[in-house]
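Below is one structure, written out as C-alpha cells; comments come after it.
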Amino acid sequence: MLGIENRGFVTGGFVAEKVSKKISVNSNHIEVLAPPERRLLDVLRFDLELMGTKEGCGEGECGACSVIINGEVVNSCLVLFGQIADGDEILTVEGLGDAEHLAPIQQCFIDEVGTQCGICTPGMLISAHALLMKNPNPDRDQVAIAMAGNLCRCTGYKRIIDSVMKAAEILRGEK
Ligand code: FES
Ligand code: FES
C-alpha cells in the first residue's frame with residue numbers, strides 16, 4: 001500500500017499516483033515527481049516555480065504557455081506530465097536569459113517595443129527562439145508564420161516581427 005507521501009492530489013474524486021521523470025529543464029538535470037494527469041504548465045509553474053510560462057486560454061489557442069520540448073514548440077497547457085519521457089529536454093523562457101544577462105531576443109523585444117502587458121511575451125520569445133535556432137535568416141513572412149500560434153491583444157504584430165528580425169540580425173553578427 002502506498003504511503004501518503006507517494007500519492008498525488010485529488011482530481012475528480014480519485015487520487016492520482018505520482019510518477020517520476022528524469023528530465024532536463026533549462027539545462028538542469030532534475031527528477032520530477034508529479035501525477036501523470038497534471039498539465040506540464042502546472043508542473044513548471046507551481047511544482048518547479050518557473051512562473052515565466054504564462055497561462056492564457058488553457059485550451060491550446062493562445063500560445064502564452066509555449067515551451068520547447070526537444071527542439072519543438074508545444075503548448076504546455078495541452079501536455080500532460082505523463083506524456084513527458086525520461087531524457088526529455090524542456091526549455092522555458094527562464095532558460096533564455098535573466099535580468100542581468102538578457103538574450104538578444106529578449107533585449108530586442110524591449111528595444112523594438114514588442115511587448116506591452118507582457119502576458120504573451122514569454123510564449124512569443126519561445127517561438128522566436130525556436131525559429132531562429134532552425135532558421136537564422138528568416139524573412140518577415142516566415143517570422144509571422146512561426147509566431148502564428150502566439151496571440152497578442154496589445155501590440156499588433158508589426159513590432160513583434162520587428163523584434164524578431166532585429167534579433168536575427170544580431171545573432172548573425174550583422175548589428
Ligand atoms: S494557455 Fe496554453 S495555449 Fe493558451
Ligand atoms: S503584450 Fe499584452 S498580450 Fe501581448
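Numbering starts fresh at 1 for the residues of each chain in the C-alpha cells, the chains themselves are lettered A, B, ... in the order given, and ligands are numbered from 1 as they appear.
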
Which residues of chain A come within 8 Å of ligand 2, and for each one, what is the closest pair of atoms and their distance in Å to one decimal, counting only C-alpha atoms and all ligand atoms, sorted by chain and residue number, as JSON lines?
{"residue": "A:Gly114", "atom": "CA", "partner": "ligand 2", "partner_atom_place_in_ligand_line": "1 (S)", "distance": 7.1}
{"residue": "A:Thr115", "atom": "CA", "partner": "ligand 2", "partner_atom_place_in_ligand_line": "1 (S)", "distance": 4.4}
{"residue": "A:Gln116", "atom": "CA", "partner": "ligand 2", "partner_atom_place_in_ligand_line": "1 (S)", "distance": 4.0}
{"residue": "A:Cys117", "atom": "CA", "partner": "ligand 2", "partner_atom_place_in_ligand_line": "2 (Fe)", "distance": 3.9}
{"residue": "A:Gly118", "atom": "CA", "partner": "ligand 2", "partner_atom_place_in_ligand_line": "1 (S)", "distance": 4.3}
{"residue": "A:Ile119", "atom": "CA", "partner": "ligand 2", "partner_atom_place_in_ligand_line": "3 (S)", "distance": 5.0}
{"residue": "A:Cys120", "atom": "CA", "partner": "ligand 2", "partner_atom_place_in_ligand_line": "4 (Fe)", "distance": 4.3}
{"residue": "A:Thr121", "atom": "CA", "partner": "ligand 2", "partner_atom_place_in_ligand_line": "4 (Fe)", "distance": 6.0}
{"residue": "A:Leu151", "atom": "CA", "partner": "ligand 2", "partner_atom_place_in_ligand_line": "3 (S)", "distance": 6.8}
{"residue": "A:Cys152", "atom": "CA", "partner": "ligand 2", "partner_atom_place_in_ligand_line": "4 (Fe)", "distance": 3.6}
{"residue": "A:Arg153", "atom": "CA", "partner": "ligand 2", "partner_atom_place_in_ligand_line": "3 (S)", "distance": 4.3}
{"residue": "A:Cys154", "atom": "CA", "partner": "ligand 2", "partner_atom_place_in_ligand_line": "2 (Fe)", "distance": 4.3}
{"residue": "A:Thr155", "atom": "CA", "partner": "ligand 2", "partner_atom_place_in_ligand_line": "1 (S)", "distance": 5.7}

Task: Env. residues ligand 1 / 8 Å / only C-alpha atoms and all ligand atoms / as JSON, numbers by chain - done: {"A": [41, 54, 55, 56, 57, 58, 59, 60, 61, 62, 63, 64, 65, 66, 75, 76, 77, 78, 150]}

Open item on the list: What's around Asn135 (chain A) at 12 Å? Count only C-alpha atoms, leave out sequence neighbours fewer than 3 positions away in its own chain, and write the answer as a ChimeraX atom specification.
Closed with: /A:127-132,138-139,142-143,146,164-165,168-169,171-172

- [ ] Measure the distance from CA of Ser27 (chain A) to CA of Thr53 (chain A) in Å and round it to one decimal.
- [x]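 Atom-to-atom, CA of Ser27 (chain A) and CA of Thr53 (chain A) are spaced 16.4 Å apart.
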
TODO: Find the residues around Gly52 (chain A) up to 12 Å (only C-alpha atoms counted), leave out those fewer than 4 positions away in its own chain, and share them as a list in words.
DONE: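 Listing them by chain and then by number gives Leu41, Asp42, Leu44, Arg45, Phe46, Leu48, Ala64, Cys65, Ser66, Val67, Leu91, Thr92, Val93, Glu94, Gly95, Leu96, Gly97, Asp98, Gly118, Ile119, Cys120, Thr121, Pro122, Gly123, Met124, Leu125 and Ile126 of chain A.
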
Open item on the list: Restricting the calculation to only C-alpha atoms: of A:Ile23, A:Ile170, A:Asp111, A:Lys158, which residue gets closest to Asn137 (chain A)?
Closed with: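 So, comparing all the options, the nearest one is A:Ile170.
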
Open item on the list: To one decimal place in Å, what is the distance between CA of Cys108 (chain A) and CA of Met51 (chain A)?
Closed with: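 CA of Met51 (chain A) lies at a distance of 21.5 Å from CA of Cys108 (chain A).
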
Task: Members of chain A assigned strand (DSSP E) by DSSP, as a ChimeraX atom specification - done: /A:7-11,14-17,19-25,28-34,66-69,72-75,89-91

Open item on the list: Let me make sure I understand: among A:Leu50, A:Ile84, A:Met133, A:Ile68, which one has the smallest atom-to-atom distance to Ala34 (chain A) if we use only C-alpha atoms?
Closed with: A:Ile84

- [ ] Could you check which of A:Leu40, A:Ala167, A:Leu33, A:Ile161 is closest to Gln107 (chain A), using only C-alpha atoms?
- [x]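 Comparing A:Leu40, A:Ala167, A:Leu33, A:Ile161 against Gln107 (chain A), the winner is A:Ala167.
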